[in-house]
Amino acid sequence: MPTLAEALGHGTDARLLILSADLAGSTHAATTAGITALREGLATTVTLMMPGPWARYAAERFVAAPDLEVGIHLTLNTELDDFRRAPLTLASSLLDADGASLAPPPTCGSTPISTTLPC
């Protein structure tokens, strides 16, 4: 099986740096910046955040530019308190009291906090 470098057309021992312009579709600015970063060679890929408030706008731009490398950033919760959005589905288990996506569970560093493990 070829290495990722080989699959991308490079030698077996090649070291590659992949810079992704993340969160396209989250805001107009993030979408525009992601496309600009790709066009100017500052990024090698962009990720479309689903469901983002500007996801449809971003998707329309990506469809019109098939030369861009686009991935999907699927979100099941809302990471930022001031930037809440609707989930992909209206399943009650994914909604908070206001009908927005749930916030992620609290963490202590990079470790999720549980009721049995104090931080």
# chains A, B, ... in the order shown; residues from 1 in each chain; ligands from 1
$ select_by_dssp --residues "region 8-74 of chain A" --states "strand (DSSP E or B)" --output "CSV table (one decimal) with N, CA and C atoms, in the first residue's frame"
chain,number,residue,atom,x,y,z
A,20,SER,N,-4.5,23.5,6.3
A,20,SER,CA,-5.9,23.6,6.0
A,20,SER,C,-6.5,24.9,6.5
A,21,ALA,N,-7.3,25.5,5.6
A,21,ALA,CA,-8.0,26.7,6.0
A,21,ALA,C,-9.4,26.2,6.6
A,22,ASP,N,-9.4,26.1,7.9
A,22,ASP,CA,-10.6,25.5,8.6
A,22,ASP,C,-11.7,26.5,8.7
A,23,LEU,N,-12.9,25.9,8.9
A,23,LEU,CA,-14.1,26.6,9.3
A,23,LEU,C,-14.8,27.4,8.2
A,24,ALA,N,-14.5,27.1,6.9
A,24,ALA,CA,-15.3,27.8,5.8
A,24,ALA,C,-16.7,27.4,6.1
A,27,THR,N,-18.6,31.5,8.9
A,27,THR,CA,-18.9,32.9,8.7
A,27,THR,C,-18.5,33.3,7.2
A,45,THR,N,-5.6,23.1,1.5
A,45,THR,CA,-7.0,22.6,1.5
A,45,THR,C,-7.8,23.5,2.3
A,46,VAL,N,-9.1,23.3,2.2
A,46,VAL,CA,-10.1,24.1,3.0
A,46,VAL,C,-11.1,23.1,3.5
A,47,THR,N,-11.6,23.3,4.8
A,47,THR,CA,-12.7,22.5,5.3
A,47,THR,C,-14.0,23.3,5.4
A,48,LEU,N,-15.1,22.7,4.9
A,48,LEU,CA,-16.4,23.3,5.0
A,48,LEU,C,-17.1,22.8,6.2
A,49,MET,N,-17.4,23.7,7.2
A,49,MET,CA,-18.0,23.3,8.4
A,49,MET,C,-19.5,23.1,8.2
A,50,MET,N,-19.9,21.9,8.5
A,50,MET,CA,-21.3,21.6,8.4
A,50,MET,C,-21.9,21.2,9.8
A,70,VAL,N,-11.3,20.5,-1.1
A,70,VAL,CA,-12.3,20.8,0.0
A,70,VAL,C,-12.6,19.5,0.8
A,71,GLY,N,-12.5,19.7,2.1
A,71,GLY,CA,-13.0,18.6,3.0
A,71,GLY,C,-14.2,19.0,3.8
A,72,ILE,N,-14.7,18.1,4.6
A,72,ILE,CA,-15.9,18.4,5.4
A,72,ILE,C,-15.5,18.4,6.9
A,73,HIS,N,-15.9,19.4,7.6
A,73,HIS,CA,-15.7,19.5,9.0
A,73,HIS,C,-17.1,19.4,9.6
A,74,LEU,N,-17.4,18.2,10.0
A,74,LEU,CA,-18.7,17.9,10.5
A,74,LEU,C,-18.8,18.1,12.0
$ closest_residue --among "A:Thr3, A:Asp13, A:Asp67, A:Pro51" --to "Thr89 (chain A)" --atoms "only C-alpha atoms"
A:Pro51
$ closest_residue --among "A:Pro2, A:Leu76, A:His10, A:Gly41" --to "Ser101 (chain A)" --atoms "only C-alpha atoms"
A:Leu76
$ atom_distance --atom1 "CA of His28 (chain A)" --atom2 "CA of Leu94 (chain A)"
25.3 Å
$ atom_distance --atom1 "CA of Met1 (chain A)" --atom2 "CA of Leu19 (chain A)"
24.3 Å
$ atom_distance --atom1 "CA of Glu69 (chain A)" --atom2 "CA of Ala43 (chain A)"
9.8 Å
